[in-house]
file run-v4.pdb (PDB, C-alpha atoms and all ligand atoms)
ATOM      1  CA  MET S 800      57.928  85.533 -15.001
ATOM      2  CA  ILE S 801      58.720  88.195 -17.579
ATOM      3  CA  THR S 802      56.947  91.566 -17.619
ATOM      4  CA  ILE S 803      56.286  92.807 -21.152
ATOM      5  CA  ARG S 804      55.233  96.295 -22.267
ATOM      6  CA  THR S 805      54.894  96.110 -26.048
ATOM      7  CA  VAL S 806      53.267  93.881 -28.650
ATOM      8  CA  ASP S 807      56.581  93.767 -30.549
ATOM      9  CA  GLU S 808      58.255  92.141 -27.527
ATOM     10  CA  LEU S 809      55.360  89.754 -26.900
ATOM     11  CA  ARG S 810      54.733  88.403 -30.417
ATOM     12  CA  PRO S 811      58.046  86.576 -31.057
ATOM     13  CA  LEU S 812      57.861  84.922 -27.630
ATOM     14  CA  ILE S 813      54.317  83.679 -28.245
ATOM     15  CA  ALA S 814      55.214  82.604 -31.808
ATOM     16  CA  GLU S 815      58.013  80.420 -30.440
ATOM     17  CA  HIS S 816      55.598  78.681 -28.023
ATOM     18  CA  ARG S 817      53.084  78.222 -30.791
ATOM     19  CA  ARG S 818      55.688  76.633 -33.068
ATOM     20  CA  ALA S 819      56.474  74.215 -30.237
ATOM     21  CA  GLY S 820      52.758  73.282 -30.115
ATOM     22  CA  ARG S 821      52.173  74.696 -26.625
ATOM     23  CA  VAL S 822      48.688  75.677 -25.415
ATOM     24  CA  ILE S 823      48.520  79.382 -24.562
ATOM     25  CA  GLY S 824      46.161  80.662 -21.869
ATOM     26  CA  LEU S 825      45.306  84.318 -21.341
ATOM     27  CA  VAL S 826      43.891  85.890 -18.178
ATOM     28  CA  PRO S 827      42.627  89.428 -18.858
ATOM     29  CA  THR S 828      42.637  91.710 -15.803
ATOM     30  CA  MET S 829      42.732  95.316 -14.704
ATOM     31  CA  GLY S 830      45.096  94.491 -11.829
ATOM     32  CA  ALA S 831      44.648  95.038  -8.072
ATOM     33  CA  PHE S 832      44.671  91.274  -7.756
ATOM     34  CA  HIS S 833      42.524  89.424  -5.234
ATOM     35  CA  ASP S 834      41.727  85.730  -4.929
ATOM     36  CA  GLY S 835      39.184  86.005  -7.768
ATOM     37  CA  HIS S 836      41.925  86.996 -10.219
ATOM     38  CA  LEU S 837      44.305  84.445  -8.744
ATOM     39  CA  SER S 838      41.760  81.634  -9.193
ATOM     40  CA  LEU S 839      41.605  82.454 -12.927
ATOM     41  CA  MET S 840      45.417  82.327 -13.096
ATOM     42  CA  ARG S 841      45.534  79.009 -11.207
ATOM     43  CA  GLN S 842      42.997  77.483 -13.578
ATOM     44  CA  ALA S 843      45.014  78.741 -16.561
ATOM     45  CA  ARG S 844      48.208  77.341 -14.993
ATOM     46  CA  ASP S 845      46.531  73.937 -14.528
ATOM     47  CA  GLN S 846      45.163  73.776 -18.068
ATOM     48  CA  CYS S 847      47.732  75.516 -20.279
ATOM     49  CA  ASP S 848      51.446  75.250 -21.102
ATOM     50  CA  VAL S 849      51.958  79.008 -21.238
ATOM     51  CA  VAL S 850      50.070  81.560 -19.111
ATOM     52  CA  VAL S 851      49.860  85.214 -20.074
ATOM     53  CA  VAL S 852      48.235  87.705 -17.687
ATOM     54  CA  TRP S 853      47.036  90.928 -19.237
ATOM     55  CA  LEU S 854      47.165  93.844 -16.808
ATOM     56  CA  PHE S 855      45.674  97.021 -18.184
ATOM     57  CA  VAL S 856      43.257  99.472 -16.576
ATOM     58  CA  ASN S 857      41.236 100.073 -19.714
ATOM     59  CA  PRO S 858      40.071 103.706 -19.752
ATOM     60  CA  ALA S 859      37.602 102.978 -22.582
ATOM     61  CA  GLN S 860      35.346 100.867 -20.352
ATOM     62  CA  PHE S 861      35.019 103.418 -17.538
ATOM     63  CA  ASN S 862      31.883 105.485 -17.954
ATOM     64  CA  ASP S 863      32.716 107.245 -14.696
ATOM     65  CA  ARG S 864      36.005 109.213 -14.793
ATOM     66  CA  GLY S 865      36.042 109.380 -10.986
ATOM     67  CA  ASP S 866      35.942 105.562 -10.823
ATOM     68  CA  LEU S 867      38.903 105.424 -13.243
ATOM     69  CA  ALA S 868      40.871 107.990 -11.221
ATOM     70  CA  VAL S 869      40.552 106.047  -7.952
ATOM     71  CA  TYR S 870      40.805 102.543  -9.454
ATOM     72  CA  PRO S 871      43.389 100.723  -7.257
ATOM     73  CA  ARG S 872      46.776 100.108  -8.929
ATOM     74  CA  ASP S 873      49.837  98.315  -7.564
ATOM     75  CA  GLU S 874      51.787  96.606 -10.321
ATOM     76  CA  ALA S 875      54.685  95.499  -8.092
ATOM     77  CA  ARG S 876      52.315  93.644  -5.740
ATOM     78  CA  ASP S 877      50.365  92.182  -8.683
ATOM     79  CA  ALA S 878      53.582  90.984 -10.342
ATOM     80  CA  ALA S 879      54.712  89.238  -7.138
ATOM     81  CA  LEU S 880      51.341  87.455  -6.799
ATOM     82  CA  ALA S 881      51.290  86.375 -10.462
ATOM     83  CA  GLN S 882      54.866  85.107 -10.179
ATOM     84  CA  GLU S 883      53.960  83.017  -7.118
ATOM     85  CA  ILE S 884      51.274  81.254  -9.155
ATOM     86  CA  GLY S 885      53.731  80.519 -11.937
ATOM     87  CA  VAL S 886      52.452  82.926 -14.583
ATOM     88  CA  ASP S 887      54.908  83.081 -17.493
ATOM     89  CA  TYR S 888      54.268  86.561 -18.874
ATOM     90  CA  LEU S 889      52.730  89.643 -17.324
ATOM     91  CA  PHE S 890      51.724  91.830 -20.257
ATOM     92  CA  ALA S 891      51.247  95.333 -18.842
ATOM     93  CA  PRO S 892      51.242  97.762 -21.759
ATOM     94  CA  PRO S 893      51.151 101.537 -21.344
ATOM     95  CA  THR S 894      47.986 103.271 -22.598
ATOM     96  CA  GLU S 895      49.679 104.506 -25.828
ATOM     97  CA  GLU S 896      50.557 100.911 -26.760
ATOM     98  CA  VAL S 897      46.875  99.949 -26.656
ATOM     99  CA  TYR S 898      45.377 103.238 -27.850
ATOM    100  CA  PRO S 899      47.677 105.226 -30.134
ATOM    101  CA  PRO S 900      46.554 108.866 -30.522
ATOM    102  CA  ASP S 901      44.725 108.208 -33.827
ATOM    103  CA  PHE S 902      42.966 105.052 -32.606
ATOM    104  CA  SER S 903      39.616 104.961 -34.436
ATOM    105  CA  THR S 904      38.038 101.485 -34.261
ATOM    106  CA  THR S 905      35.231 100.191 -32.069
ATOM    107  CA  VAL S 906      34.067  96.576 -31.809
ATOM    108  CA  ALA S 907      30.470  96.469 -30.585
ATOM    109  CA  VAL S 908      28.233  93.521 -29.698
ATOM    110  CA  GLY S 909      24.536  94.353 -30.115
ATOM    111  CA  GLY S 910      21.587  93.277 -27.998
ATOM    112  CA  LEU S 911      23.279  91.556 -25.071
ATOM    113  CA  THR S 912      25.110  94.761 -24.148
ATOM    114  CA  GLU S 913      21.996  96.908 -23.899
ATOM    115  CA  PRO S 914      20.237  95.849 -20.663
ATOM    116  CA  LEU S 915      21.594  95.659 -17.084
ATOM    117  CA  GLU S 916      25.175  97.028 -17.029
ATOM    118  CA  GLY S 917      24.632  98.499 -20.505
ATOM    119  CA  GLU S 918      21.633 100.445 -19.290
ATOM    120  CA  HIS S 919      23.343 101.751 -16.167
ATOM    121  CA  ARG S 920      26.897 102.307 -17.412
ATOM    122  CA  GLY S 921      25.965 103.333 -20.944
ATOM    123  CA  ARG S 922      26.712 101.883 -24.349
ATOM    124  CA  SER S 923      30.378 102.888 -24.191
ATOM    125  CA  HIS S 924      31.148 100.507 -21.314
ATOM    126  CA  PHE S 925      30.726  97.266 -23.253
ATOM    127  CA  ASP S 926      32.101  98.838 -26.432
ATOM    128  CA  GLY S 927      35.229  99.543 -24.386
ATOM    129  CA  VAL S 928      35.297  95.943 -23.144
ATOM    130  CA  THR S 929      34.706  94.254 -26.508
ATOM    131  CA  THR S 930      37.174  96.526 -28.306
ATOM    132  CA  VAL S 931      39.974  95.901 -25.801
ATOM    133  CA  VAL S 932      39.203  92.162 -25.615
ATOM    134  CA  THR S 933      39.420  91.945 -29.421
ATOM    135  CA  LYS S 934      42.726  93.819 -29.329
ATOM    136  CA  MET S 935      44.205  91.590 -26.635
ATOM    137  CA  PHE S 936      43.044  88.446 -28.443
ATOM    138  CA  ASN S 937      44.805  89.730 -31.573
ATOM    139  CA  MET S 938      47.929  90.675 -29.632
ATOM    140  CA  VAL S 939      48.274  87.453 -27.627
ATOM    141  CA  ALA S 940      46.408  84.972 -29.879
ATOM    142  CA  PRO S 941      45.612  82.633 -26.967
ATOM    143  CA  ASP S 942      44.009  79.199 -27.307
ATOM    144  CA  VAL S 943      41.991  79.731 -24.128
ATOM    145  CA  ALA S 944      40.938  82.902 -22.270
ATOM    146  CA  TYR S 945      39.714  82.926 -18.666
ATOM    147  CA  PHE S 946      36.909  85.181 -17.424
ATOM    148  CA  GLY S 947      35.048  85.343 -14.089
ATOM    149  CA  GLN S 948      31.389  84.489 -13.541
ATOM    150  CA  LYS S 949      31.439  87.505 -11.184
ATOM    151  CA  ASP S 950      31.041  89.694 -14.310
ATOM    152  CA  ALA S 951      28.312  87.461 -15.712
ATOM    153  CA  GLN S 952      27.098  89.799 -18.467
ATOM    154  CA  GLN S 953      30.667  90.438 -19.606
ATOM    155  CA  ALA S 954      31.259  86.676 -19.876
ATOM    156  CA  VAL S 955      28.115  86.232 -21.995
ATOM    157  CA  VAL S 956      29.082  89.190 -24.218
ATOM    158  CA  VAL S 957      32.647  87.906 -24.727
ATOM    159  CA  GLN S 958      31.351  84.434 -25.622
ATOM    160  CA  ARG S 959      29.062  86.028 -28.231
ATOM    161  CA  LEU S 960      31.913  88.187 -29.590
ATOM    162  CA  VAL S 961      34.126  85.127 -30.057
ATOM    163  CA  ARG S 962      31.329  83.150 -31.696
ATOM    164  CA  ASP S 963      30.171  85.975 -33.984
ATOM    165  CA  LEU S 964      33.682  86.872 -35.197
ATOM    166  CA  ASN S 965      34.879  83.236 -35.449
ATOM    167  CA  MET S 966      37.771  83.837 -33.107
ATOM    168  CA  PRO S 967      39.559  80.500 -32.542
ATOM    169  CA  ILE S 968      39.599  80.939 -28.766
ATOM    170  CA  ARG S 969      37.895  78.893 -26.062
ATOM    171  CA  ILE S 970      36.350  80.964 -23.278
ATOM    172  CA  GLU S 971      36.480  79.468 -19.790
ATOM    173  CA  VAL S 972      34.187  81.062 -17.222
ATOM    174  CA  CYS S 973      35.430  80.527 -13.645
ATOM    175  CA  ASP S 974      33.336  80.503 -10.458
ATOM    176  CA  THR S 975      32.952  83.655  -8.378
ATOM    177  CA  VAL S 976      35.366  83.759  -5.436
ATOM    178  CA  ARG S 977      33.889  85.212  -2.247
ATOM    179  CA  GLU S 978      35.059  86.562   1.078
ATOM    180  CA  PRO S 979      34.357  84.173   3.988
ATOM    181  CA  ASP S 980      31.111  86.062   4.739
ATOM    182  CA  GLY S 981      29.905  85.744   1.145
ATOM    183  CA  LEU S 982      30.744  89.155  -0.348
ATOM    184  CA  ALA S 983      31.970  88.664  -3.919
ATOM    185  CA  MET S 984      35.619  89.705  -4.168
ATOM    186  CA  SER S 985      36.140  92.861  -6.183
ATOM    187  CA  SER S 986      38.991  95.307  -6.624
ATOM    188  CA  ARG S 987      36.486  98.008  -5.669
ATOM    189  CA  ASN S 988      35.778  96.496  -2.210
ATOM    190  CA  VAL S 989      38.812  98.388  -0.826
ATOM    191  CA  HIS S 990      36.818 101.617  -1.218
ATOM    192  CA  LEU S 991      34.005 100.471   1.112
ATOM    193  CA  SER S 992      33.814 102.051   4.558
ATOM    194  CA  PRO S 993      33.260  99.543   7.395
ATOM    195  CA  GLU S 994      29.563 100.459   7.401
ATOM    196  CA  GLU S 995      29.250 100.131   3.603
ATOM    197  CA  ARG S 996      31.120  96.825   3.818
ATOM    198  CA  ARG S 997      28.456  95.542   6.248
ATOM    199  CA  SER S 998      25.597  96.807   4.061
ATOM    200  CA  ALA S 999      27.195  95.289   0.963
ATOM    201  CA  LEU S1000      26.462  91.829   2.344
ATOM    202  CA  ALA S1001      22.781  92.481   1.609
ATOM    203  CA  LEU S1002      23.578  91.894  -2.092
ATOM    204  CA  HIS S1003      24.679  88.380  -1.239
ATOM    205  CA  ARG S1004      21.682  87.900   1.074
ATOM    206  CA  ALA S1005      19.320  89.038  -1.684
ATOM    207  CA  LEU S1006      20.743  86.436  -4.069
ATOM    208  CA  ASP S1007      20.602  83.817  -1.301
ATOM    209  CA  ALA S1008      16.921  84.646  -0.785
ATOM    210  CA  ILE S1009      16.322  83.825  -4.454
ATOM    211  CA  ASP S1010      18.197  80.522  -4.092
ATOM    212  CA  ALA S1011      16.194  79.692  -0.995
ATOM    213  CA  GLY S1012      12.921  80.455  -2.788
ATOM    214  CA  VAL S1013      13.936  78.279  -5.738
ATOM    215  CA  ALA S1014      14.951  75.478  -3.354
ATOM    216  CA  ARG S1015      11.451  75.705  -1.786
ATOM    217  CA  GLY S1016       9.972  75.188  -5.220
ATOM    218  CA  LEU S1017       9.066  78.810  -5.933
ATOM    219  CA  ARG S1018       9.436  79.597  -9.652
ATOM    220  CA  GLU S1019       7.600  82.863 -10.186
ATOM    221  CA  ALA S1020      10.185  85.594 -10.836
ATOM    222  CA  ALA S1021       8.061  88.378  -9.326
ATOM    223  CA  ALA S1022       7.715  86.512  -6.014
ATOM    224  CA  LEU S1023      11.415  85.587  -5.897
ATOM    225  CA  LEU S1024      12.477  89.149  -6.690
ATOM    226  CA  SER S1025      10.204  90.551  -4.011
ATOM    227  CA  GLU S1026      11.904  88.336  -1.367
ATOM    228  CA  ALA S1027      15.295  89.492  -2.604
ATOM    229  CA  ARG S1028      14.206  93.144  -2.676
ATOM    230  CA  ALA S1029      13.176  92.877   0.989
ATOM    231  CA  GLU S1030      16.812  92.019   1.880
ATOM    232  CA  LEU S1031      18.051  95.104   0.034
ATOM    233  CA  GLU S1032      15.394  97.329   1.565
ATOM    234  CA  ALA S1033      16.333  96.128   5.063
ATOM    235  CA  ALA S1034      19.847  97.422   4.348
ATOM    236  CA  GLN S1035      18.437 100.616   2.755
ATOM    237  CA  ILE S1036      19.883  99.706  -0.617
ATOM    238  CA  GLU S1037      18.134 100.902  -3.769
ATOM    239  CA  PRO S1038      19.647  98.675  -6.494
ATOM    240  CA  ASP S1039      20.497  99.839 -10.007
ATOM    241  CA  TYR S1040      18.878  96.553 -10.943
ATOM    242  CA  LEU S1041      17.790  93.283  -9.414
ATOM    243  CA  ALA S1042      16.791  90.860 -12.141
ATOM    244  CA  LEU S1043      16.150  87.279 -13.137
ATOM    245  CA  VAL S1044      17.218  86.781 -16.743
ATOM    246  CA  SER S1045      17.887  83.969 -19.183
ATOM    247  CA  ALA S1046      21.587  83.073 -18.987
ATOM    248  CA  ASP S1047      21.695  82.911 -22.813
ATOM    249  CA  THR S1048      19.783  85.984 -23.905
ATOM    250  CA  LEU S1049      19.903  88.157 -20.741
ATOM    251  CA  THR S1050      16.197  88.924 -21.190
ATOM    252  CA  PRO S1051      13.954  88.876 -18.088
ATOM    253  CA  VAL S1052      12.159  85.633 -17.299
ATOM    254  CA  ALA S1053       8.708  85.355 -15.737
ATOM    255  CA  GLN S1054       9.425  81.855 -14.395
ATOM    256  CA  VAL S1055      12.716  80.360 -13.241
ATOM    257  CA  GLU S1056      13.157  77.439 -15.599
ATOM    258  CA  GLY S1057      16.363  76.146 -17.187
ATOM    259  CA  ASP S1058      19.511  78.259 -17.004
ATOM    260  CA  VAL S1059      18.707  81.551 -15.270
ATOM    261  CA  LEU S1060      20.894  84.290 -13.778
ATOM    262  CA  ALA S1061      19.935  86.273 -10.695
ATOM    263  CA  LEU S1062      21.772  89.577 -11.014
ATOM    264  CA  VAL S1063      22.129  92.578  -8.740
ATOM    265  CA  ALA S1064      23.968  95.900  -8.963
ATOM    266  CA  ALA S1065      23.950  98.682  -6.396
ATOM    267  CA  ARG S1066      25.882 101.685  -5.200
ATOM    268  CA  LEU S1067      27.229 101.650  -1.672
ATOM    269  CA  GLY S1068      28.217 105.271  -1.201
ATOM    270  CA  GLU S1069      30.617 106.024  -4.057
ATOM    271  CA  THR S1070      31.320 102.367  -4.823
ATOM    272  CA  ARG S1071      29.277 100.404  -7.324
ATOM    273  CA  LEU S1072      29.127  96.637  -6.759
ATOM    274  CA  ILE S1073      27.690  93.805  -8.826
ATOM    275  CA  ASP S1074      26.990  90.172  -7.990
ATOM    276  CA  ASN S1075      25.067  87.231  -9.405
ATOM    277  CA  HIS S1076      24.096  83.626  -8.844
ATOM    278  CA  ARG S1077      23.438  81.158 -11.600
ATOM    279  CA  LEU S1078      20.284  79.127 -10.984
ATOM    280  CA  ILE S1079      19.947  75.877 -12.807
ATOM    281  CA  THR S1080      16.607  74.191 -12.500
ATOM    282  CA  ALA S1081      15.548  71.002 -14.185
ATOM    283  CA  GLY S1082      11.815  70.431 -13.980
ATOM    284  CA  ALA S1083      10.640  70.176 -10.365
ATOM    285  CA  ALA S1084      14.055  69.139  -9.024
ATOM    286  CA  ALA S1085      15.717  72.451  -8.361
ATOM    287  CA  SER S1086      19.427  72.691  -7.919
ATOM    288  CA  ALA S1087      20.894  76.113  -7.399
ATOM    289  CA  MET S1088      24.530  76.364  -8.433
ATOM    290  CA  ASN S1089      25.783  79.269  -6.375
ATOM    291  CA  ASN S1090      29.188  79.810  -7.761
ATOM    292  CA  GLY S1091      31.895  79.751  -5.155
ATOM    293  CA  ARG S1092      29.466  80.197  -2.260
ATOM    294  CA  PRO S1093      30.984  79.380   1.109
TER     295      PRO S1093
HETATM  296  P1  LIG W1101      38.836  92.908 -13.421
HETATM  297  O1  LIG W1101      40.286  93.072 -13.079
HETATM  298  O2  LIG W1101      37.922  93.357 -12.350
HETATM  299  O3  LIG W1101      38.497  93.405 -14.796
HETATM  300  O4  LIG W1101      38.611  91.338 -13.481
HETATM  301  C1  LIG W1101      39.402  90.508 -14.291
HETATM  302  C2  LIG W1101      38.750  89.157 -14.382
HETATM  303  O5  LIG W1101      38.618  88.612 -13.073
HETATM  304  C3  LIG W1101      37.332  89.238 -14.975
HETATM  305  O6  LIG W1101      37.141  88.154 -15.861
HETATM  306  C4  LIG W1101      36.461  89.132 -13.756
HETATM  307  O7  LIG W1101      35.197  88.558 -14.021
HETATM  308  C5  LIG W1101      37.290  88.206 -12.883
HETATM  309  N1  LIG W1101      36.900  88.376 -11.478
HETATM  310  C6  LIG W1101      36.766  89.544 -10.784
HETATM  311  N2  LIG W1101      36.325  89.299  -9.541
HETATM  312  C7  LIG W1101      36.172  87.956  -9.435
HETATM  313  C8  LIG W1101      35.733  87.078  -8.395
HETATM  314  N3  LIG W1101      35.371  87.536  -7.206
HETATM  315  N4  LIG W1101      35.699  85.756  -8.655
HETATM  316  C9  LIG W1101      36.058  85.273  -9.871
HETATM  317  N5  LIG W1101      36.488  86.040 -10.894
HETATM  318  C10 LIG W1101      36.535  87.360 -10.676
END
call {"tool": "encode", "arguments": {"input": "run-v4.pdb", "output": "structure tokens", "more": "lines below"}}
Ligand code: AMP
result
Amino acid sequence: MITIRTVDELRPLIAEHRRAGRVIGLVPTMGAFHDGHLSLMRQARDQCDVVVVWLFVNPAQFNDRGDLAVYPRDEARDAALAQEIGVDYLFAPPTEEVYPPDFSTTVAVGGLTEPLEGEHRGRSHFDGVTTVVTKMFNMVAPDVAYFGQKDAQQAVVVQRLVRDLNMPIRIEVCDTVREPDGLAMSSRNVHLSPEERRSALALHRALDAIDAGVARGLREAAALLSEARAELEAAQIEPDYLALVSADTLTPVAQVEGDVLALVAARLGETRLIDNHRLITAGAAASAMNNGRP
């Protein structure tokens, strides 16, 4: 595996692979790798000839400077893990390479970025994501890019960005990887105290309560959400949001029908966590697809 810092180093290498007709896969990350990140890399390794991992803690998508300051970073460990999986290039540019001092462009996706994370983290969060994703797609020019279902809204926004701007890139959304007890893996989990770690499981239980309701044939969103809310209340968690939305438009649904996302976000002390389950129902026969659930 080769670690690369600049676009000028990366481009000729990628161009050579492209000339040879190889399929290039990109895995965008902010580092602090856990099994969620590694599952994206493994999928890329299985499906592509060349795998590029992007490692960049993107300051533009942090609405909370404190969160950025304590965001876990360990490039040496990350590089060793990526190498073990057989990643070809670790592209870890310094901030100036991505944002020169006179950087003045923003790529913004409307509508989908406004509710949920957009409402709670502010407009600048997704602008930061879509701008850096556009930049990395231009820098790497991958055929396929791998994103996690864990960040469900981000995946929907990136798919819309690619469609709207006719980017010739296929987006693969990979299942959420969980700890054995069901907590969705996140780089931020390291900040949880043992007590917060225990409470955090209520997010998973809340989503499970929705699945269980759907499996019993319940379809009314208000009733399903009230069962989920009871799980959060039992753990004294006041969520930023707990919602049932259309997986296409991210607008709230009154009934669970078709492709619906159950989404939750909450603060546990200083740490903000998000999780979701995708519910797919077809008529009366409900099947809940709980990504990566143990
Ligand atoms: P991050 O480094 O947190 O920006 O995440 C990089 C990529 O890994 C994003 O596409 C995330 O959705 C994905 N990811 C993060 N956590 C998980 C997880 N637990 N399971 C699957 N993918 C994940």
call {"tool": "residues_around", "arguments": {"input": "run-v4.pdb", "residues": "Thr1070 in chain S", "least_positions_apart": "6", "cutoff": "8 Å", "atoms": "all atoms listed in the file", "output": "JSON, numbers by chain"}}
result
{"S": [987, 988, 990, 991]}
call {"tool": "residues_around", "arguments": {"input": "run-v4.pdb", "residues": "Thr1050 in chain S", "least_positions_apart": "3", "cutoff": "12 Å", "atoms": "only C-alpha atoms", "output": "list in words"}}
result
Gly910, Leu911, Thr912, Glu913, Pro914, Leu915, Gln952, Ala1042, Leu1043, Val1044, Ser1045, Ala1046, Asp1047, Ala1053, Gln1054, Asp1058, Val1059, Leu1060, Ala1061 and Leu1062 of chain S
call {"tool": "closest_atom_pairs", "arguments": {"input": "run-v4.pdb", "of": "chain S", "to": "ligand LIG 1101 (chain W)", "cutoff": "10 Å", "atoms": "only C-alpha atoms and all ligand atoms", "output": "Markdown table"}}
result
| residue | atom | partner | partner_atom | distance |
| --- | --- | --- | --- | --- |
| S:Val826 | CA | W:LIG1101 | C2 | 7.2 |
| S:Pro827 | CA | W:LIG1101 | C1 | 5.7 |
| S:Thr828 | CA | W:LIG1101 | C1 | 3.8 |
| S:Met829 | CA | W:LIG1101 | O1 | 3.7 |
| S:Gly830 | CA | W:LIG1101 | O1 | 5.2 |
| S:Ala831 | CA | W:LIG1101 | O1 | 6.9 |
| S:Phe832 | CA | W:LIG1101 | O1 | 7.1 |
| S:His833 | CA | W:LIG1101 | N2 | 7.5 |
| S:Asp834 | CA | W:LIG1101 | N3 | 7.0 |
| S:Gly835 | CA | W:LIG1101 | N4 | 3.6 |
| S:His836 | CA | W:LIG1101 | O5 | 4.7 |
| S:Leu837 | CA | W:LIG1101 | N5 | 8.3 |
| S:Ser838 | CA | W:LIG1101 | C9 | 6.8 |
| S:Leu839 | CA | W:LIG1101 | N5 | 6.6 |
| S:Met840 | CA | W:LIG1101 | O5 | 9.3 |
| S:Val852 | CA | W:LIG1101 | C1 | 9.9 |
| S:Trp853 | CA | W:LIG1101 | C1 | 9.1 |
| S:Leu854 | CA | W:LIG1101 | O1 | 7.9 |
| S:Phe855 | CA | W:LIG1101 | O1 | 8.4 |
| S:Val856 | CA | W:LIG1101 | O1 | 7.9 |
| S:Asn857 | CA | W:LIG1101 | O3 | 8.7 |
| S:Gln860 | CA | W:LIG1101 | O3 | 9.8 |
| S:Val928 | CA | W:LIG1101 | O3 | 9.3 |
| S:Ala944 | CA | W:LIG1101 | O6 | 9.1 |
| S:Tyr945 | CA | W:LIG1101 | O6 | 6.5 |
| S:Phe946 | CA | W:LIG1101 | O6 | 3.4 |
| S:Gly947 | CA | W:LIG1101 | O7 | 3.2 |
| S:Gln948 | CA | W:LIG1101 | O7 | 5.6 |
| S:Lys949 | CA | W:LIG1101 | O7 | 4.8 |
| S:Asp950 | CA | W:LIG1101 | O7 | 4.3 |
| S:Ala951 | CA | W:LIG1101 | O7 | 7.2 |
| S:Gln952 | CA | W:LIG1101 | O7 | 9.3 |
| S:Gln953 | CA | W:LIG1101 | O7 | 7.4 |
| S:Ala954 | CA | W:LIG1101 | O6 | 7.3 |
| S:Val957 | CA | W:LIG1101 | O6 | 9.9 |
| S:Glu971 | CA | W:LIG1101 | O6 | 9.6 |
| S:Val972 | CA | W:LIG1101 | O6 | 7.8 |
| S:Cys973 | CA | W:LIG1101 | C9 | 6.1 |
| S:Asp974 | CA | W:LIG1101 | C9 | 5.5 |
| S:Thr975 | CA | W:LIG1101 | N4 | 3.5 |
| S:Val976 | CA | W:LIG1101 | N4 | 3.8 |
| S:Arg977 | CA | W:LIG1101 | N3 | 5.7 |
| S:Glu978 | CA | W:LIG1101 | N3 | 8.3 |
| S:Leu982 | CA | W:LIG1101 | N3 | 8.4 |
| S:Ala983 | CA | W:LIG1101 | N3 | 4.9 |
| S:Met984 | CA | W:LIG1101 | N3 | 3.7 |
| S:Ser985 | CA | W:LIG1101 | N2 | 4.9 |
| S:Ser986 | CA | W:LIG1101 | O2 | 6.1 |
| S:Arg987 | CA | W:LIG1101 | O2 | 8.3 |
| S:Ile1073 | CA | W:LIG1101 | N2 | 9.8 |
| S:Asp1074 | CA | W:LIG1101 | N3 | 8.8 |
| S:Asn1090 | CA | W:LIG1101 | N4 | 8.9 |
| S:Gly1091 | CA | W:LIG1101 | N4 | 7.9 |
call {"tool": "atom_distance", "arguments": {"input": "run-v4.pdb", "atom1": "CA of Met935 in chain S", "atom2": "CA of Asn965 in chain S"}}
result
15.3 Å
call {"tool": "residues_near_point", "arguments": {"input": "run-v4.pdb", "point": "(8.8, 90.8, -4.5)", "cutoff": "12 Å", "atoms": "all atoms listed in the file", "output": "ChimeraX atom specification"}}
result
/S:1005,1008-1009,1012,1019-1032,1041-1043
call {"tool": "closest_residue", "arguments": {"input": "run-v4.pdb", "among": "S:Arg821, S:Arg996, S:Arg959, S:Arg920", "to": "Gly1068 in chain S", "atoms": "all atoms listed in the file"}}
result
S:Arg996
call {"tool": "atom_distance", "arguments": {"input": "run-v4.pdb", "atom1": "CA of Ser903 in chain S", "atom2": "CA of Phe861 in chain S"}}
result
17.6 Å
call {"tool": "closest_residue", "arguments": {"input": "run-v4.pdb", "among": "S:Ala940, S:Val931, S:Ala1081, S:Ile801", "to": "Gly824 in chain S", "atoms": "all atoms listed in the file"}}
result
S:Ala940
call {"tool": "closest_residue", "arguments": {"input": "run-v4.pdb", "among": "S:Ala879, S:Leu1000, S:Val908, S:Val822", "to": "Gln958 in chain S", "atoms": "only C-alpha atoms"}}
result
S:Val908
call {"tool": "closest_residue", "arguments": {"input": "run-v4.pdb", "among": "S:Arg1071, S:Arg1018, S:His1076, S:Arg818", "to": "Val1052 in chain S", "atoms": "all atoms listed in the file"}}
result
S:Arg1018
call {"tool": "atom_distance", "arguments": {"input": "run-v4.pdb", "atom1": "CA of Arg804 in chain S", "atom2": "CA of Ala891 in chain S"}}
result
5.3 Å
call {"tool": "residues_around", "arguments": {"input": "run-v4.pdb", "residues": "range 808-816 of chain S", "least_positions_apart": "5", "cutoff": "12 Å", "atoms": "only C-alpha atoms", "output": "CSV table (one decimal) with C-alpha atoms, in the coordinates of the input"}}
result
chain,number,residue,atom,x,y,z
S,801,ILE,CA,58.7,88.2,-17.6
S,802,THR,CA,56.9,91.6,-17.6
S,803,ILE,CA,56.3,92.8,-21.2
S,821,ARG,CA,52.2,74.7,-26.6
S,822,VAL,CA,48.7,75.7,-25.4
S,823,ILE,CA,48.5,79.4,-24.6
S,824,GLY,CA,46.2,80.7,-21.9
S,825,LEU,CA,45.3,84.3,-21.3
S,847,CYS,CA,47.7,75.5,-20.3
S,848,ASP,CA,51.4,75.2,-21.1
S,849,VAL,CA,52.0,79.0,-21.2
S,850,VAL,CA,50.1,81.6,-19.1
S,851,VAL,CA,49.9,85.2,-20.1
S,852,VAL,CA,48.2,87.7,-17.7
S,853,TRP,CA,47.0,90.9,-19.2
S,887,ASP,CA,54.9,83.1,-17.5
S,888,TYR,CA,54.3,86.6,-18.9
S,889,LEU,CA,52.7,89.6,-17.3
S,890,PHE,CA,51.7,91.8,-20.3
S,891,ALA,CA,51.2,95.3,-18.8
S,892,PRO,CA,51.2,97.8,-21.8
S,896,GLU,CA,50.6,100.9,-26.8
S,935,MET,CA,44.2,91.6,-26.6
S,936,PHE,CA,43.0,88.4,-28.4
S,937,ASN,CA,44.8,89.7,-31.6
S,938,MET,CA,47.9,90.7,-29.6
S,939,VAL,CA,48.3,87.5,-27.6
S,940,ALA,CA,46.4,85.0,-29.9
S,941,PRO,CA,45.6,82.6,-27.0
S,942,ASP,CA,44.0,79.2,-27.3
